[in-house]
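> One structure, pasted below without further comment.
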Amino acid sequence: MTSRAPHESRLREPVTDGWHGLATAIWARLLVTTLALPIGVLLGPAANQDSWWVLWWALLVVGAVSALFAFGVRLRRGLGIQTALQLGVDLVLVTAIAALTGGRDSQFVPFFALVVIAGGLLGRLPGGLITGASACVAFLALPWIQHAIGATAATTTDGGAPAPRLLVAFLAMMGVMSGVLGERVRRTRDDLTRTARELDRVRVDNDVILHNLTTGVLTVDGRGTIAYLNPAAEQVLSARSLEWRGRHIGAALPERLWPLRDLVLDTLEHKAPRARAELMMKTTTGRTLPVGISTNLLTHGEGASGVVAVFQDLTEVREMERRARRNQTLAELGALSAGIAHELRNGLKPISGSVECLQRELNLEGENAVLMELIQRECSRLNRFVTDLLSYSKDREPAVETLDLEEHLAELRDQIARDTRADGCTVVFEPLGAHPEVRADRELLRQVWLNLAANALEAMDGKGTLTLRWEEGEGDLIVVVFSDTGVGITPADLTQVGQPFFTTKERGTGLGLAIAQRIVERHGGTLSITSEPGRGTNVSVALPGTVASQMLAA
């Protein structure tokens with residue numbers, strides 16, 4: 001995850017600071033050599049005015065060792081060894097320059113203090129003490145070193161250099177003080193690193209949490225400028241954070257989202273948070289978008305510095321509530337229907353039986369025969385209605401089996417084509433050559449298909465095309481689609497289609513589609529209808545299933 005990179009860099013900061021200190025020491029060494037050495041030569045005793053060769057020699061050596069040290073720092077290996085090596089080389093260089101320019105009386109003797117300070121800052125108290133002690137030893141050994149290399153002592157003109165004991169005490173004191181300072185600097189740096197690491201961890205954790213929330217989060221500052229929009233908010237509002245951030249909420253939000261804009265600005269203006277409000281907005285396609293939202297003030301110090309809005313798309317929640325209410329209504333209606341159906345059947349049986357007896361015993365003609373036939377026909381229609389009512393009110397346990405949906409639909413197409421209502425119509429099945437499998441009751445599923453096919457054929461009235469096809473839906477869903485070119489359904493009727501006893505047919509019961517929808521829901525699927533008046537209707541049934549990878553043989 002990319003957000004871990006800053007956190008990991010914080011964990012490596014103490015080591016990184018050590019290398020940074022060595023790199024700084026290299027640049028400081030070059031700066032002192034190029035600036036302080038020439039000035040020291042120019043301002044030194046008269047006996048050393050012709051000692052420019054020392055300067056050139058020092059510049060050459062310092063440049064060479066600095067290049068080697070820079071290469072070592074880039075390798076990032078052996079921090080302690082490289083620190084000790086640089087301090088040791090610095091001490092040797094200062095000792096050599098002092099020995100060549102007058103020994104203890106050299107104008108470059110104070111450079112020992114610079115080495116001791118560097119030792120304390122880079123090596124803390126141990127480094128300061130060791131470097132201070134080493135500088136004292138080197139200073140005291142200058143006469144012997146001069147004698148060994150055959151250097152000439154300088155002639156002072158200002159009454160002589162400070163006493164050796166005083167300078168040794170000064171260097172020792174500088175070692176202790178620089179070491180203590182180095183300890184405090186390191187401790188402060190460690191505290192800052194630890195604090196920065198904690199802040200970075202909190203920031204990363206907050207970013208990860210906000211990024212992965214399924215709830216939308218929108219924040220604006222005290223002037224109404226959009227400051228933050230998480231991915232869930234972008235998805236709900238169909239927006240892009242990069243396009244909105246930094247813009248005033250009144251100018252950034254389109255008209256379809258103005259209820260959100262008004263609520264946020266009202267909270268900001270009146271300093272009054274809102275809890276559990278519900279807004280009705282629009283999606284980019286014009287669909288109604290119900291949103292549950294809460295707003296609160298962002299406070300900084302004593303006053304409010306902005307507003308945070310937390311919201312969620314309630315479309316699925318409202319759909320679940322609608323289904324729950326519908327299922328409750330249907331359950332109550334089913335219980336009522338069962339009672340009505342039994343009473344109707346109890347009355348129909350003697351009536352239909354009596355009519356059959358009268359038809360056998362009486363030789364009716366003319367209007368009496370017509371009336372008797374009407375009674376029998378209506379008894380048969382009521383009997384079919386009672387059968388549908390009982391089918392709707394009674395749910396038998398499905399005999400679930402694995403069905404090859406493509407073969408199942410191919411058989412169904414042949415059965416529909418033989419129906420007398422299909423005369424003059426074309427029934428088409430579009431196989432894809434794969435093996436979609438669903439777990440379902442074969443007969444109940446056939447009842448659904450036949451009901452949908454019957455509705456389509458009746459809507460086309462002997463002319464048009466009924467197309468059957470299947471396609472892969474979202475997730476593990478297989479979608480079966482019945483498309484007809486019939487008269488279609490008006491928007492007003494479309495909202496009621498599937499409700500029990502609603503029908504636009506002259507002799508329909510209004511239970512066929514309700515029964516089909518109930519069977520589909522019992523199989524864990526959904527049934528949806530889209531239609532355009534005059535152009536036909538599409539009925540889609542989504543069922544849980546899988547598609548086998550192998551193709552049918554040619």
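By order of appearance in the structure tokens: chains A, B, ..., then residues from 1 within every chain, and ligands from 1 in the order shown.
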Tell me which protein, DNA and RNA residues are within 6 Å of range 436-452 of chain A, counting only C-alpha atoms, leaving out same-chain ones fewer than 2 positions away, and put them as an mmCIF file with all heavy atoms, in the first residue's frame.

```cif
data_model
loop_
_atom_site.group_PDB
_atom_site.id
_atom_site.type_symbol
_atom_site.label_atom_id
_atom_site.label_comp_id
_atom_site.auth_asym_id
_atom_site.auth_seq_id
_atom_site.Cartn_x
_atom_site.Cartn_y
_atom_site.Cartn_z
ATOM 1 N N PRO A 398 -39.690 -26.214 -2.829
ATOM 2 C CA PRO A 398 -39.106 -26.461 -4.151
ATOM 3 C C PRO A 398 -38.239 -27.725 -4.147
ATOM 4 O O PRO A 398 -37.511 -27.994 -3.197
ATOM 5 C CB PRO A 398 -38.249 -25.211 -4.413
ATOM 6 C CG PRO A 398 -38.771 -24.167 -3.472
ATOM 7 C CD PRO A 398 -39.265 -24.917 -2.279
ATOM 8 N N ALA A 399 -38.358 -28.503 -5.231
ATOM 9 C CA ALA A 399 -37.490 -29.666 -5.438
ATOM 10 C C ALA A 399 -36.275 -29.194 -6.227
ATOM 11 O O ALA A 399 -36.259 -29.227 -7.464
ATOM 12 C CB ALA A 399 -38.244 -30.763 -6.181
ATOM 13 N N VAL A 400 -35.259 -28.733 -5.518
ATOM 14 C CA VAL A 400 -34.124 -28.066 -6.152
ATOM 15 C C VAL A 400 -33.213 -29.077 -6.837
ATOM 16 O O VAL A 400 -32.915 -30.141 -6.279
ATOM 17 C CB VAL A 400 -33.330 -27.252 -5.109
ATOM 18 C CG1 VAL A 400 -32.105 -26.614 -5.752
ATOM 19 C CG2 VAL A 400 -34.220 -26.189 -4.499
ATOM 20 N N GLU A 401 -32.791 -28.745 -8.054
ATOM 21 C CA GLU A 401 -31.815 -29.533 -8.794
ATOM 22 C C GLU A 401 -30.974 -28.580 -9.635
ATOM 23 O O GLU A 401 -31.301 -27.408 -9.787
ATOM 24 C CB GLU A 401 -32.524 -30.548 -9.698
ATOM 25 C CG GLU A 401 -33.459 -29.905 -10.712
ATOM 26 C CD GLU A 401 -34.144 -30.941 -11.586
ATOM 27 O OE1 GLU A 401 -33.410 -31.662 -12.287
ATOM 28 O OE2 GLU A 401 -35.395 -31.013 -11.553
ATOM 29 N N THR A 402 -29.855 -29.087 -10.156
ATOM 30 C CA THR A 402 -28.982 -28.263 -10.996
ATOM 31 C C THR A 402 -29.488 -28.318 -12.436
ATOM 32 O O THR A 402 -29.614 -29.405 -13.012
ATOM 33 C CB THR A 402 -27.532 -28.762 -10.925
ATOM 34 O OG1 THR A 402 -27.081 -28.693 -9.568
ATOM 35 C CG2 THR A 402 -26.627 -27.895 -11.795
ATOM 36 N N LEU A 403 -29.790 -27.165 -13.000
ATOM 37 C CA LEU A 403 -30.327 -27.082 -14.351
ATOM 38 C C LEU A 403 -29.321 -26.426 -15.275
ATOM 39 O O LEU A 403 -28.704 -25.412 -14.926
ATOM 40 C CB LEU A 403 -31.624 -26.260 -14.372
ATOM 41 C CG LEU A 403 -32.795 -26.773 -13.527
ATOM 42 C CD1 LEU A 403 -33.969 -25.813 -13.666
ATOM 43 C CD2 LEU A 403 -33.196 -28.166 -13.954
ATOM 44 N N ASP A 404 -29.169 -27.010 -16.470
ATOM 45 C CA ASP A 404 -28.419 -26.354 -17.540
ATOM 46 C C ASP A 404 -29.396 -25.386 -18.186
ATOM 47 O O ASP A 404 -30.288 -25.777 -18.942
ATOM 48 C CB ASP A 404 -27.911 -27.382 -18.546
ATOM 49 C CG ASP A 404 -27.012 -26.755 -19.598
ATOM 50 O OD1 ASP A 404 -27.278 -25.607 -20.011
ATOM 51 O OD2 ASP A 404 -26.046 -27.403 -20.031
ATOM 52 N N LEU A 405 -29.234 -24.099 -17.892
ATOM 53 C CA LEU A 405 -30.227 -23.106 -18.284
ATOM 54 C C LEU A 405 -30.358 -22.991 -19.797
ATOM 55 O O LEU A 405 -31.453 -22.740 -20.316
ATOM 56 C CB LEU A 405 -29.871 -21.749 -17.664
ATOM 57 C CG LEU A 405 -30.996 -20.724 -17.602
ATOM 58 C CD1 LEU A 405 -32.190 -21.277 -16.840
ATOM 59 C CD2 LEU A 405 -30.502 -19.441 -16.929
ATOM 60 N N ALA A 454 -46.675 -16.264 -21.904
ATOM 61 C CA ALA A 454 -48.097 -16.035 -22.175
ATOM 62 C C ALA A 454 -48.417 -14.545 -22.190
ATOM 63 O O ALA A 454 -49.145 -14.046 -23.067
ATOM 64 C CB ALA A 454 -48.944 -16.764 -21.134
ATOM 65 N N ASN A 455 -47.866 -13.799 -21.228
ATOM 66 C CA ASN A 455 -48.095 -12.351 -21.199
ATOM 67 C C ASN A 455 -47.543 -11.684 -22.445
ATOM 68 O O ASN A 455 -48.168 -10.786 -23.027
ATOM 69 C CB ASN A 455 -47.442 -11.743 -19.957
ATOM 70 C CG ASN A 455 -48.155 -12.136 -18.678
ATOM 71 O OD1 ASN A 455 -49.314 -12.565 -18.706
ATOM 72 N ND2 ASN A 455 -47.465 -12.016 -17.552
ATOM 73 N N ALA A 516 -45.408 -15.708 -10.361
ATOM 74 C CA ALA A 516 -44.076 -15.846 -10.947
ATOM 75 C C ALA A 516 -43.035 -15.095 -10.119
ATOM 76 O O ALA A 516 -41.928 -15.601 -9.859
ATOM 77 C CB ALA A 516 -44.087 -15.329 -12.380
ATOM 78 N N GLY A 545 -26.290 -18.296 -9.981
ATOM 79 C CA GLY A 545 -25.811 -19.407 -10.797
ATOM 80 C C GLY A 545 -24.383 -19.201 -11.226
ATOM 81 O O GLY A 545 -23.718 -18.241 -10.833
ATOM 82 N N THR A 546 -23.899 -20.121 -12.039
ATOM 83 C CA THR A 546 -22.532 -20.057 -12.544
ATOM 84 C C THR A 546 -22.546 -20.397 -14.021
ATOM 85 O O THR A 546 -23.485 -21.029 -14.520
ATOM 86 C CB THR A 546 -21.605 -21.048 -11.804
ATOM 87 O OG1 THR A 546 -22.146 -22.368 -11.940
ATOM 88 C CG2 THR A 546 -21.483 -20.688 -10.333
ATOM 89 N N VAL A 547 -21.465 -19.993 -14.711
ATOM 90 C CA VAL A 547 -21.317 -20.296 -16.128
ATOM 91 C C VAL A 547 -20.113 -21.200 -16.280
ATOM 92 O O VAL A 547 -18.986 -20.816 -15.911
ATOM 93 C CB VAL A 547 -21.130 -19.020 -16.969
ATOM 94 C CG1 VAL A 547 -20.949 -19.371 -18.434
ATOM 95 C CG2 VAL A 547 -22.331 -18.102 -16.790
#
```
> I'd like the neighbourhood of Glu183 in chain A as a list in words, where a residue qualifies if any of its atoms comes within 12 Å (using only C-alpha atoms), though same-chain residues fewer than 5 positions away should be ignored.
Gly119, Gly120, Leu121, Leu122, Gly123, Arg124, Leu125, Pro126, Gly127, Gly128, Val176, Met177, Ser178, Thr188, Arg189 and Asp190 of chain A
> Emit the selected residues as a PDB file, in the first residue's frame, including N, CA and C atoms.

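Final file, result28.pdb:
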```pdb
ATOM      1  N   GLY A 119      33.198  16.161  17.137  1.00  0.00           N
ATOM      2  CA  GLY A 119      33.161  14.868  17.806  1.00  0.00           C
ATOM      3  C   GLY A 119      32.008  14.762  18.765  1.00  0.00           C
ATOM      4  N   GLY A 120      31.724  15.854  19.510  1.00  0.00           N
ATOM      5  CA  GLY A 120      30.605  15.825  20.449  1.00  0.00           C
ATOM      6  C   GLY A 120      29.255  15.756  19.749  1.00  0.00           C
ATOM      7  N   LEU A 121      29.123  16.512  18.651  1.00  0.00           N
ATOM      8  CA  LEU A 121      27.842  16.533  17.950  1.00  0.00           C
ATOM      9  C   LEU A 121      27.567  15.219  17.223  1.00  0.00           C
ATOM     10  N   LEU A 122      28.626  14.630  16.638  1.00  0.00           N
ATOM     11  CA  LEU A 122      28.431  13.386  15.891  1.00  0.00           C
ATOM     12  C   LEU A 122      28.441  12.154  16.792  1.00  0.00           C
ATOM     13  N   GLY A 123      29.292  12.172  17.835  1.00  0.00           N
ATOM     14  CA  GLY A 123      29.441  10.988  18.691  1.00  0.00           C
ATOM     15  C   GLY A 123      28.859  11.135  20.061  1.00  0.00           C
ATOM     16  N   ARG A 124      28.154  12.235  20.308  1.00  0.00           N
ATOM     17  CA  ARG A 124      27.555  12.506  21.616  1.00  0.00           C
ATOM     18  C   ARG A 124      28.633  12.545  22.705  1.00  0.00           C
ATOM     19  N   LEU A 125      28.276  12.236  23.953  1.00  0.00           N
ATOM     20  CA  LEU A 125      29.226  12.406  25.053  1.00  0.00           C
ATOM     21  C   LEU A 125      30.465  11.527  24.891  1.00  0.00           C
ATOM     22  N   PRO A 126      30.348  10.255  24.531  1.00  0.00           N
ATOM     23  CA  PRO A 126      31.575   9.463  24.328  1.00  0.00           C
ATOM     24  C   PRO A 126      32.458  10.051  23.231  1.00  0.00           C
ATOM     25  N   GLY A 127      31.844  10.482  22.135  1.00  0.00           N
ATOM     26  CA  GLY A 127      32.630  11.068  21.055  1.00  0.00           C
ATOM     27  C   GLY A 127      33.294  12.355  21.465  1.00  0.00           C
ATOM     28  N   GLY A 128      32.585  13.197  22.237  1.00  0.00           N
ATOM     29  CA  GLY A 128      33.174  14.449  22.690  1.00  0.00           C
ATOM     30  C   GLY A 128      34.353  14.217  23.620  1.00  0.00           C
ATOM     31  N   VAL A 176      33.614  17.938  26.821  1.00  0.00           N
ATOM     32  CA  VAL A 176      32.462  17.632  27.679  1.00  0.00           C
ATOM     33  C   VAL A 176      31.217  18.382  27.223  1.00  0.00           C
ATOM     34  N   MET A 177      31.377  19.686  26.979  1.00  0.00           N
ATOM     35  CA  MET A 177      30.214  20.504  26.611  1.00  0.00           C
ATOM     36  C   MET A 177      29.617  20.084  25.264  1.00  0.00           C
ATOM     37  N   SER A 178      30.486  19.834  24.296  1.00  0.00           N
ATOM     38  CA  SER A 178      29.968  19.419  22.987  1.00  0.00           C
ATOM     39  C   SER A 178      29.311  18.044  23.068  1.00  0.00           C
ATOM     40  N   THR A 188      16.609  15.266  21.605  1.00  0.00           N
ATOM     41  CA  THR A 188      15.553  16.105  21.020  1.00  0.00           C
ATOM     42  C   THR A 188      15.137  15.585  19.652  1.00  0.00           C
ATOM     43  N   ARG A 189      16.141  15.191  18.861  1.00  0.00           N
ATOM     44  CA  ARG A 189      15.848  14.670  17.541  1.00  0.00           C
ATOM     45  C   ARG A 189      15.057  13.366  17.634  1.00  0.00           C
ATOM     46  N   ASP A 190      15.418  12.500  18.609  1.00  0.00           N
ATOM     47  CA  ASP A 190      14.679  11.257  18.779  1.00  0.00           C
ATOM     48  C   ASP A 190      13.236  11.533  19.194  1.00  0.00           C
TER      49      ASP A 190
END
```
> Would you compute the distance between CA of Asp262 in chain A and CA of Gly250 in chain A? Give it in Å to one decimal.
8.3 Å
> Restricting the calculation to only C-alpha atoms: of A:Met174, A:Arg187, A:Thr95, A:Leu358, which residue gets closest to Leu142 in chain A?
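Using only C-alpha atoms, the shortest distance to Leu142 in chain A belongs to A:Thr95.
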> Would you mind listing what lies within 8 Å of Phe139 in chain A as a PyMOL selection string, with only C-alpha atoms counted and same-chain residues fewer than 2 positions away left out?
chain A and resi 95+104+109+135-137+141-142+168
> In range 51-203 of chain A, what's helix (DSSP H, G or I) per DSSP? Answer as a PyMOL selection string?
chain A and resi 52-75+79-100+103-105+111-140+142-149+164-203
> If you run DSSP over the backbone, which residues in range 203-437 of chain A end up strand (DSSP E or B)? Put them as a VMD selection string.
chain A and resid 216 to 221 225 to 229 248 274 to 282 288 to 300 303 to 313 400 to 404 425 to 430 435 to 437
